[in-house]
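Trainee: My structure is in coords_20.tsv, and what it holds is TSV, C-alpha atoms:
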chain	number	residue	atom	x	y	z
L	1	MET	CA	-20.30	-9.65	-14.49
L	2	ALA	CA	-23.40	-10.80	-12.65
L	3	GLU	CA	-25.82	-12.17	-15.20
L	4	GLU	CA	-27.03	-14.94	-12.98
L	5	ALA	CA	-28.32	-14.25	-9.52
L	6	HIS	CA	-28.46	-17.08	-7.03
L	7	SER	CA	-31.88	-17.25	-5.44
L	8	GLU	CA	-32.86	-19.93	-3.04
L	9	GLY	CA	-35.91	-20.00	-0.82
L	10	GLY	CA	-37.07	-16.47	-0.07
L	11	LEU	CA	-33.58	-14.97	-0.31
L	12	VAL	CA	-32.60	-13.11	-3.45
L	13	PHE	CA	-28.92	-12.36	-3.73
L	14	HIS	CA	-27.85	-9.73	-6.24
L	15	PRO	CA	-24.62	-8.60	-4.58
L	16	MET	CA	-22.79	-7.78	-7.82
L	17	ASP	CA	-25.62	-5.97	-9.60
L	18	GLN	CA	-24.58	-2.66	-8.08
L	19	PHE	CA	-21.40	-2.69	-10.18
L	20	ILE	CA	-23.12	-2.93	-13.57
L	21	VAL	CA	-22.39	0.03	-15.84
L	22	LYS	CA	-25.68	1.28	-17.27
L	23	PRO	CA	-26.41	4.10	-19.71
L	24	LEU	CA	-28.04	7.05	-18.01
L	25	PHE	CA	-30.64	7.63	-20.71
L	26	GLY	CA	-32.56	4.72	-22.15
L	27	GLU	CA	-31.19	1.32	-22.96
L	28	GLY	CA	-28.66	0.20	-25.48
L	29	PRO	CA	-25.02	-0.70	-25.80
L	30	VAL	CA	-22.45	1.23	-23.81
L	31	GLU	CA	-20.06	2.97	-26.19
L	32	TRP	CA	-17.12	5.05	-25.07
L	33	TYR	CA	-19.12	8.26	-25.47
L	34	THR	CA	-22.30	7.01	-23.74
L	35	PRO	CA	-23.09	8.92	-20.52
L	36	THR	CA	-23.36	6.17	-17.92
L	37	ASN	CA	-23.74	6.04	-14.17
L	38	VAL	CA	-19.91	6.02	-13.98
L	39	THR	CA	-19.84	9.35	-15.83
L	40	LEU	CA	-22.48	10.75	-13.49
L	41	TRP	CA	-20.65	9.81	-10.28
L	42	LEU	CA	-17.26	10.84	-11.61
L	43	GLY	CA	-18.82	14.21	-12.46
L	44	ILE	CA	-20.30	14.52	-8.99
L	45	ALA	CA	-16.89	13.69	-7.49
L	46	VAL	CA	-15.29	16.48	-9.55
L	47	LEU	CA	-18.02	18.93	-8.50
L	48	CYS	CA	-17.53	18.03	-4.81
L	49	THR	CA	-13.77	18.48	-5.16
L	50	VAL	CA	-14.25	21.88	-6.74
L	51	ALA	CA	-16.75	22.83	-4.04
L	52	LEU	CA	-14.32	21.78	-1.30
L	53	PHE	CA	-11.10	23.27	-2.63
L	54	VAL	CA	-12.18	26.22	-4.80
L	55	LEU	CA	-15.39	27.48	-3.23
L	56	GLY	CA	-14.44	26.35	0.28
L	57	THR	CA	-11.16	28.23	0.41
L	58	ARG	CA	-12.34	31.25	-1.58
L	59	GLY	CA	-12.73	33.35	1.57
L	60	ARG	CA	-9.00	32.88	2.42
L	61	ALA	CA	-9.99	33.63	6.01
L	62	ILE	CA	-7.32	33.91	8.71
L	63	ILE	CA	-9.70	32.02	10.98
L	64	PRO	CA	-10.85	29.29	8.60
L	65	THR	CA	-14.43	28.23	8.23
L	66	ARG	CA	-15.21	24.55	8.68
L	67	VAL	CA	-14.96	23.74	4.97
L	68	GLN	CA	-11.75	25.72	4.61
L	69	SER	CA	-10.14	23.91	7.54
L	70	ILE	CA	-11.05	20.54	6.00
L	71	ALA	CA	-9.31	21.60	2.79
L	72	GLU	CA	-6.29	22.94	4.69
L	73	LEU	CA	-6.00	19.80	6.84
L	74	ALA	CA	-6.12	17.54	3.77
L	75	TYR	CA	-3.51	19.66	1.99
L	76	GLY	CA	-1.17	19.75	4.98
L	77	PHE	CA	-1.60	16.04	5.70
L	78	ILE	CA	-0.67	14.95	2.18
L	79	TYR	CA	2.10	17.53	1.84
L	80	LYS	CA	3.77	16.30	5.02
L	81	MET	CA	3.44	12.71	3.85
L	82	VAL	CA	5.05	13.43	0.47
L	83	GLU	CA	7.88	15.34	2.14
L	84	ASP	CA	8.49	12.64	4.77
L	85	ILE	CA	8.51	9.69	2.39
L	86	ALA	CA	9.62	10.95	-1.01
L	87	GLY	CA	12.05	13.52	0.40
L	88	PRO	CA	12.11	17.31	-0.06
L	89	ASP	CA	12.76	17.01	-3.82
L	90	GLY	CA	9.69	14.78	-4.10
L	91	ALA	CA	7.53	17.73	-3.10
L	92	ARG	CA	7.69	18.91	-6.73
L	93	TYR	CA	5.34	16.07	-7.60
L	94	PHE	CA	2.92	16.91	-4.79
L	95	PRO	CA	0.13	18.21	-7.10
L	96	LYS	CA	-0.19	14.86	-8.89
L	97	ILE	CA	-0.19	12.90	-5.65
L	98	PHE	CA	-2.68	15.21	-4.00
L	99	THR	CA	-4.95	14.95	-7.06
L	100	LEU	CA	-4.85	11.15	-6.80
L	101	PHE	CA	-5.69	11.26	-3.09
L	102	VAL	CA	-8.58	13.69	-3.48
L	103	PHE	CA	-10.01	11.82	-6.47
L	104	ILE	CA	-9.90	8.44	-4.72
L	105	ILE	CA	-11.25	9.65	-1.40
L	106	MET	CA	-14.07	11.59	-3.09
L	107	THR	CA	-15.19	8.66	-5.22
L	108	ASN	CA	-14.87	6.28	-2.25
L	109	TYR	CA	-16.98	8.42	0.03
L	110	LEU	CA	-19.59	9.27	-2.60
L	111	ALA	CA	-19.89	5.53	-3.27
L	112	LEU	CA	-21.02	5.05	0.32
L	113	ILE	CA	-24.21	7.02	-0.33
L	114	PRO	CA	-27.01	4.47	-0.77
L	115	MET	CA	-28.02	3.85	-4.41
L	116	SER	CA	-24.86	5.51	-5.66
L	117	PHE	CA	-22.21	3.98	-7.88
L	118	SER	CA	-18.57	3.44	-7.01
L	119	PRO	CA	-16.19	4.04	-9.93
L	120	THR	CA	-13.21	2.90	-7.85
L	121	SER	CA	-14.73	-0.58	-7.50
L	122	HIS	CA	-13.91	-1.20	-11.15
L	123	ILE	CA	-10.42	-2.47	-11.91
L	124	ALA	CA	-10.65	-0.58	-15.22
L	125	ALA	CA	-10.78	2.71	-13.32
L	126	THR	CA	-8.10	1.93	-10.75
L	127	ALA	CA	-5.80	0.29	-13.31
L	128	VAL	CA	-5.59	3.60	-15.16
L	129	LEU	CA	-4.51	5.27	-11.92
L	130	GLY	CA	-2.11	2.47	-10.97
L	131	PHE	CA	-0.47	2.08	-14.37
L	132	GLY	CA	-0.35	5.85	-14.74
L	133	VAL	CA	1.72	6.07	-11.57
L	134	PHE	CA	3.86	3.10	-12.65
L	135	ILE	CA	4.69	4.52	-16.10
L	136	ALA	CA	5.26	8.03	-14.74
L	137	VAL	CA	7.57	6.77	-12.01
L	138	THR	CA	9.56	4.50	-14.34
L	139	VAL	CA	10.06	7.26	-16.93
L	140	LEU	CA	10.97	9.70	-14.16
L	141	GLY	CA	13.51	7.26	-12.72
L	142	PHE	CA	15.28	6.85	-16.06
L	143	VAL	CA	15.17	10.58	-16.80
L	144	LYS	CA	16.53	11.57	-13.40
L	145	ASN	CA	19.12	8.81	-12.88
L	146	GLY	CA	19.82	7.35	-16.32
L	147	THR	CA	21.09	3.78	-16.17
L	148	HIS	CA	21.83	4.26	-12.47
L	149	PHE	CA	18.10	3.61	-11.99
L	150	LEU	CA	18.77	-0.06	-12.76
L	151	GLY	CA	20.68	-0.17	-9.46
L	152	LEU	CA	17.23	-0.60	-7.95
L	153	PHE	CA	17.39	-4.21	-9.21
L	154	TRP	CA	21.12	-4.89	-8.86
L	155	MET	CA	21.82	-4.79	-5.13
L	156	SER	CA	25.48	-3.83	-4.91
L	157	ASP	CA	25.72	-4.54	-1.18
L	158	ALA	CA	24.46	-8.14	-1.47
L	159	PRO	CA	26.90	-11.07	-1.92
L	160	LEU	CA	27.82	-11.52	-5.59
L	161	VAL	CA	26.35	-15.03	-5.77
L	162	LEU	CA	22.95	-13.87	-4.60
L	163	ARG	CA	22.77	-10.78	-6.81
L	164	PRO	CA	21.26	-12.42	-9.96
L	165	ILE	CA	18.60	-14.18	-7.88
L	166	ILE	CA	17.76	-10.96	-6.04
L	167	ALA	CA	17.67	-9.13	-9.38
L	168	VAL	CA	15.10	-11.57	-10.78
L	169	ILE	CA	12.94	-11.25	-7.66
L	170	GLU	CA	13.23	-7.46	-7.70
L	171	VAL	CA	12.26	-7.26	-11.40
L	172	ILE	CA	9.21	-9.44	-10.80
L	173	SER	CA	8.17	-7.44	-7.76
L	174	TYR	CA	8.68	-4.21	-9.69
L	175	PHE	CA	6.32	-5.30	-12.46
L	176	VAL	CA	3.70	-6.67	-10.06
L	177	ARG	CA	3.54	-3.25	-8.38
L	178	PRO	CA	0.98	-1.60	-10.69
L	179	VAL	CA	-1.21	-4.72	-10.63
L	180	SER	CA	-1.33	-4.96	-6.85
L	181	HIS	CA	-1.54	-1.17	-6.56
L	182	SER	CA	-4.75	-1.03	-8.60
L	183	ILE	CA	-6.33	-4.33	-7.56
L	184	ARG	CA	-5.91	-3.48	-3.88
L	185	LEU	CA	-8.10	-0.40	-4.18
L	186	ALA	CA	-10.71	-1.95	-6.47
L	187	GLY	CA	-10.81	-5.20	-4.50
L	188	ASN	CA	-11.27	-3.53	-1.14
L	189	ILE	CA	-14.05	-1.25	-2.30
L	190	MET	CA	-15.78	-4.02	-4.26
L	191	ALA	CA	-15.51	-6.49	-1.37
L	192	GLY	CA	-16.97	-4.03	1.13
L	193	HIS	CA	-19.91	-3.09	-1.05
L	194	THR	CA	-20.59	-6.74	-1.88
L	195	VAL	CA	-20.67	-7.66	1.82
L	196	ILE	CA	-23.16	-4.87	2.51
L	197	LYS	CA	-25.40	-6.13	-0.30
L	198	VAL	CA	-25.19	-9.73	0.92
L	199	PHE	CA	-26.33	-8.68	4.39
L	200	ALA	CA	-29.04	-6.53	2.79
L	201	ALA	CA	-30.38	-9.67	1.10
L	202	PHE	CA	-30.64	-11.41	4.49
L	203	ALA	CA	-33.01	-8.65	5.61
L	204	GLY	CA	-35.67	-10.33	3.45
L	205	VAL	CA	-36.15	-12.95	6.18
L	206	ALA	CA	-38.08	-11.46	9.10
L	207	ALA	CA	-36.22	-13.44	11.76
L	208	LEU	CA	-32.83	-12.33	10.44
L	209	ALA	CA	-33.74	-8.73	9.66
L	210	PRO	CA	-32.63	-7.08	12.96
L	211	VAL	CA	-29.28	-8.88	12.89
L	212	SER	CA	-28.87	-7.96	9.25
L	213	VAL	CA	-29.59	-4.26	9.86
L	214	LEU	CA	-27.12	-4.19	12.76
L	215	ALA	CA	-24.52	-5.91	10.62
L	216	ILE	CA	-25.04	-3.42	7.80
L	217	VAL	CA	-24.55	-0.53	10.23
L	218	ALA	CA	-21.36	-2.08	11.60
L	219	ILE	CA	-19.95	-2.85	8.16
L	220	TYR	CA	-20.89	0.61	6.94
L	221	GLY	CA	-18.77	2.04	9.75
L	222	LEU	CA	-15.92	-0.21	8.71
L	223	GLU	CA	-16.36	0.87	5.10
L	224	VAL	CA	-16.06	4.55	6.04
L	225	LEU	CA	-12.72	3.64	7.58
L	226	VAL	CA	-11.68	1.49	4.61
L	227	ALA	CA	-12.58	4.24	2.14
L	228	PHE	CA	-10.11	6.57	3.86
L	229	ILE	CA	-7.42	3.95	4.47
L	230	GLN	CA	-7.43	2.77	0.87
L	231	ALA	CA	-7.06	6.33	-0.44
L	232	TYR	CA	-4.27	6.85	2.11
L	233	VAL	CA	-2.53	3.59	1.19
L	234	PHE	CA	-2.76	4.33	-2.54
L	235	THR	CA	-1.16	7.74	-1.97
L	236	ILE	CA	1.50	6.46	0.40
L	237	LEU	CA	2.53	3.71	-2.02
L	238	THR	CA	2.72	6.29	-4.80
L	239	CYS	CA	5.12	8.23	-2.56
L	240	VAL	CA	7.18	5.10	-1.91
L	241	TYR	CA	7.47	4.37	-5.64
L	242	LEU	CA	8.37	8.00	-6.26
L	243	ARG	CA	11.13	7.77	-3.66
L	244	ASP	CA	12.51	4.67	-5.38
L	245	ALA	CA	12.57	6.58	-8.67
L	246	LEU	CA	14.26	9.66	-7.21
L	247	HIS	CA	16.80	7.84	-5.01
L	248	PRO	CA	17.27	4.34	-6.44
L	249	GLY	CA	20.41	3.65	-4.42
L	250	HIS	CA	18.40	3.90	-1.14
K	251	MET	CA	-29.30	-31.60	-6.80
K	252	GLU	CA	-28.73	-30.71	-10.42
K	253	GLY	CA	-25.71	-29.19	-12.12
K	254	ASP	CA	-22.61	-30.50	-13.77
K	255	ILE	CA	-19.15	-31.30	-12.58
K	256	ALA	CA	-17.72	-28.05	-13.99
K	257	SER	CA	-19.87	-25.81	-11.80
K	258	MET	CA	-19.09	-28.04	-8.83
K	259	GLY	CA	-15.43	-27.39	-9.54
K	260	GLN	CA	-16.12	-23.66	-9.68
K	261	PHE	CA	-17.79	-23.63	-6.29
K	262	ILE	CA	-15.16	-25.81	-4.65
K	263	GLY	CA	-12.44	-23.65	-6.14
K	264	ALA	CA	-14.11	-20.47	-4.91
K	265	GLY	CA	-14.38	-21.97	-1.45
K	266	LEU	CA	-10.71	-22.92	-1.50
K	267	ALA	CA	-9.79	-19.41	-2.60
K	268	ALA	CA	-11.65	-18.06	0.42
K	269	ILE	CA	-9.02	-19.81	2.59
K	270	GLY	CA	-6.56	-17.33	1.15
K	271	SER	CA	-8.63	-14.44	2.49
K	272	GLY	CA	-8.51	-16.00	5.94
K	273	MET	CA	-4.75	-16.39	5.70
K	274	ALA	CA	-4.47	-12.71	4.80
K	275	ALA	CA	-6.45	-11.94	7.95
K	276	ILE	CA	-3.74	-13.74	9.96
K	277	GLY	CA	-1.11	-11.69	8.18
K	278	VAL	CA	-2.85	-8.38	8.82
K	279	GLY	CA	-3.32	-9.34	12.46
K	280	ASN	CA	0.38	-10.15	12.73
K	281	VAL	CA	1.38	-6.76	11.36
K	282	ALA	CA	-0.95	-4.88	13.69
K	283	ALA	CA	-0.01	-6.99	16.73
K	284	ASN	CA	3.70	-6.54	16.22
K	285	PHE	CA	3.26	-2.84	15.64
K	286	LEU	CA	1.31	-2.53	18.87
K	287	ALA	CA	3.89	-4.57	20.78
K	288	GLY	CA	6.68	-2.36	19.48
K	289	ALA	CA	4.71	0.82	20.03
K	290	LEU	CA	4.04	-0.03	23.68
K	291	ARG	CA	7.73	-0.67	24.27
K	292	ASN	CA	8.73	2.65	22.77
K	293	PRO	CA	5.70	4.92	22.47
K	294	SER	CA	7.77	7.96	21.46
K	295	ALA	CA	8.88	6.28	18.25
K	296	ALA	CA	5.44	4.92	17.39
K	297	GLY	CA	4.00	8.06	15.84
K	298	SER	CA	6.67	8.28	13.18
K	299	GLN	CA	6.09	4.68	12.11
K	300	THR	CA	2.36	4.82	11.29
K	301	ALA	CA	3.14	5.17	7.59
K	302	THR	CA	5.23	1.99	7.70
K	303	LEU	CA	2.39	0.26	9.52
K	304	PHE	CA	-0.06	1.14	6.78
K	305	ILE	CA	2.33	0.05	4.04
K	306	GLY	CA	2.75	-3.30	5.79
K	307	LEU	CA	-0.99	-3.67	6.26
K	308	ALA	CA	-1.57	-2.84	2.59
K	309	PHE	CA	0.92	-5.44	1.38
K	310	ALA	CA	-0.51	-8.13	3.64
K	311	GLU	CA	-4.05	-7.25	2.68
K	312	ALA	CA	-3.44	-7.12	-1.07
K	313	LEU	CA	-2.72	-10.85	-1.24
K	314	GLY	CA	-5.97	-11.62	0.54
K	315	ILE	CA	-7.74	-9.41	-1.97
K	316	PHE	CA	-6.09	-11.44	-4.75
K	317	ALA	CA	-7.56	-14.61	-3.26
K	318	PHE	CA	-10.95	-12.93	-3.02
K	319	LEU	CA	-10.63	-11.88	-6.65
K	320	VAL	CA	-9.91	-15.46	-7.68
K	321	ALA	CA	-13.06	-16.54	-5.86
K	322	LEU	CA	-15.11	-13.84	-7.59
K	323	LEU	CA	-13.68	-14.73	-10.99
K	324	LEU	CA	-14.57	-18.37	-10.45
K	325	MET	CA	-18.10	-17.51	-9.37
K	326	PHE	CA	-19.00	-14.89	-11.95
K	327	ALA	CA	-16.51	-14.74	-14.79
K	328	VAL	CA	-15.66	-18.35	-15.63
Hey, can you dump this file as structure tokens for me?
Mentor:
Amino acid sequence: MAEEAHSEGGLVFHPMDQFIVKPLFGEGPVEWYTPTNVTLWLGIAVLCTVALFVLGTRGRAIIPTRVQSIAELAYGFIYKMVEDIAGPDGARYFPKIFTLFVFIIMTNYLALIPMSFSPTSHIAATAVLGFGVFIAVTVLGFVKNGTHFLGLFWMSDAPLVLRPIIAVIEVISYFVRPVSHSIRLAGNIMAGHTVIKVFAAFAGVAALAPVSVLAIVAIYGLEVLVAFIQAYVFTILTCVYLRDALHPGH
Amino acid sequence: MEGDIASMGQFIGAGLAAIGSGMAAIGVGNVAANFLAGALRNPSAAGSQTATLFIGLAFAEALGIFAFLVALLLMFAV
């Protein structure tokens, strides 16, 4: 994606180089089986998840330890969200939604470690999540409601003249959902990391270096917030789509 | 002062796409401002509406991200 870097004067900008997928061992083409830096950081995310939810809650203490209370808070937070938005019958699908949330927040936070790699900054990674949710929700809607699911597009309480126009708009917005769902996550993470790298390049000039360091600190704080909010938004939109599939008539 | 007209078009297009990001900033600000205005009028109802706030923010922000993506595609992919 970033073959050409723009260098002018003493400044060297390589803001997109951090997103290049490289093989872990040696050089060579990246095949589907090649262990790359994506594989490494996905593996670390899985290990951290296991450490948090399996090892952390193994004690099953009445008075939770710090790690156990983090796990319990995350579980309760997402469970309440699924129940509030998707309804009590949506709670059946809680494991999938919680898995999405934990995966996204783990990869987002691990990506904030300097020199690490962020798998969620790649649209290829988030598109799998987004289209997975889209296909699952569409199939679920047809299985649960049959043709009644199409009532999502045919607003029966709108005036008859407007209904075809509304139907066209609704169909378009329905099919844009997975695209915006995945690009939102990837775009936010990629944009944040790019901005940090751009400011890091300004640190090469002595006069600008203090400003640049302060700016990196400030943007890093913002990125910690964005990493959580994007995981939250991805999960909450999954819940909204799930509600549409379970109760298409509103 | 070298380069061809195609790369000039790329840079101008990327700059124009950045306007879209600024517009999205206005949209996000609108959502947050209206939420705050409503929340101060009726603070007891505000807590239950945070989810709606985030959905609104996400929708407003996504379009800005699309504009940013267009800029990035023009700079690096075209």
Trainee: By how many Å are CA of Asp84 in chain L and CA of Leu222 in chain L apart?
Mentor: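 Between these atoms lies a distance of 27.9 Å.
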Trainee: What are the residues of chain L that have an atom within 8 Å of an atom of chain K, counting only C-alpha atoms, as a PDB file with C-alpha atoms, in the coordinates of the input?
Mentor:
ATOM      1  CA  MET L   1     -20.300  -9.650 -14.490  1.00  0.00           C
ATOM      2  CA  ALA L   2     -23.400 -10.800 -12.650  1.00  0.00           C
ATOM      3  CA  SER L 180      -1.330  -4.960  -6.850  1.00  0.00           C
ATOM      4  CA  ILE L 183      -6.330  -4.330  -7.560  1.00  0.00           C
ATOM      5  CA  ARG L 184      -5.910  -3.480  -3.880  1.00  0.00           C
ATOM      6  CA  GLY L 187     -10.810  -5.200  -4.500  1.00  0.00           C
ATOM      7  CA  ASN L 188     -11.270  -3.530  -1.140  1.00  0.00           C
ATOM      8  CA  VAL L 233      -2.530   3.590   1.190  1.00  0.00           C
ATOM      9  CA  ILE L 236       1.500   6.460   0.400  1.00  0.00           C
ATOM     10  CA  LEU L 237       2.530   3.710  -2.020  1.00  0.00           C
TER      11      LEU L 237
END
Trainee: How many Å separate CA of Glu170 in chain L from CA of Val240 in chain L?
Mentor: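 That distance, rounded to one decimal, is 15.1 Å.
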Trainee: Grab the CA of Leu303 in chain K to CA of Phe285 in chain K distance for me, in Å with one decimal place.
Mentor: 6.9 Å
Trainee: Taking only C-alpha atoms into account, name the residue in L:Gly26, L:Asp17, L:Phe175, L:Leu214 that is nearest to Met115 in chain L.
Mentor: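 Result for the nearest residue to Met115 in chain L: L:Asp17.
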Trainee: Can you pull out every residue within 12 Å of Lys80 in chain L, counting all atoms listed in the file, but drop anything in the same chain fewer than 5 positions away, and send it as a list of chain:residue names?
Mentor: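 In the requested format, the answer is L:Leu73, L:Ala74, L:Tyr75, L:Ile85, L:Ala86, L:Gly87, L:Pro88, L:Gly90, L:Ala91, L:Phe94, L:Ile97, L:Phe98, L:Ile236, L:Cys239, K:Ser298, K:Ala301.
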Trainee: Which is closest to Gly270 in chain K among K:Ala317, K:Leu324, K:Ile255, K:Leu290, if we use all atoms listed in the file?
Mentor: K:Ala317
Trainee: Contacts of Glu31 in chain L at 12 Å or less, counting all atoms listed in the file, minus same-chain residues fewer than 6 places along, as a PDB file with C-alpha atoms, keeping the file's coordinate frame?
Mentor:
ATOM      1  CA  VAL L  21     -22.390   0.030 -15.840  1.00  0.00           C
ATOM      2  CA  LYS L  22     -25.680   1.280 -17.270  1.00  0.00           C
ATOM      3  CA  PRO L  23     -26.410   4.100 -19.710  1.00  0.00           C
TER       4      PRO L  23
END
Trainee: Determine, counting all atoms listed in the file, which protein, DNA and RNA residues have an atom within 10 Å of an atom of Gln68 in chain L; residues of the same chain fewer than 3 positions away are not included. Present the result as a PyMOL selection string.
Mentor: chain L and resi 52-61+63-65+71-74
Trainee: Compile the contact shell of Ala124 in chain L as a ChimeraX atom specification: residues with an atom at most 9 Å away, counting all atoms listed in the file, same-chain residues fewer than 4 positions apart removed.
Mentor: /L:119-120,128,182,186
Trainee: List as a list in words the protein and nucleic acid residues near range 138-148 of chain L, meaning an atom at most 8 Å away when only C-alpha atoms are counted, but skip any in the same chain fewer than 3 places from it.
Mentor: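 After dropping sequence-adjacent residues, the list is Phe134, Ile135, Gly151, Asp244, Ala245, Leu246 and Pro248 of chain L.
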Trainee: Could you work out an axis-aligned box for range 280-294 of chain K, taking every atom the file lists and adding 4 Å on each side, and report centre and edge lengths in Å to one decimal, as AutoDock Vina command-line options?
Mentor:
--center_x 3.9 --center_y -1.1 --center_z 17.8 --size_x 17.7 --size_y 26.1 --size_z 20.9
Trainee: Nearest to Ala274 in chain K: which of K:Ile262, K:Leu286, K:Ala310, K:Ala296 is it, counting only C-alpha atoms?
Mentor: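 For Ala274 in chain K, the nearest of the given residues is K:Ala310.
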Trainee: Which of these residues is nearest to Phe228 in chain L, using all atoms listed in the file: L:Leu162, L:Leu112, L:Ile196, L:Ile169?
Mentor: L:Leu112
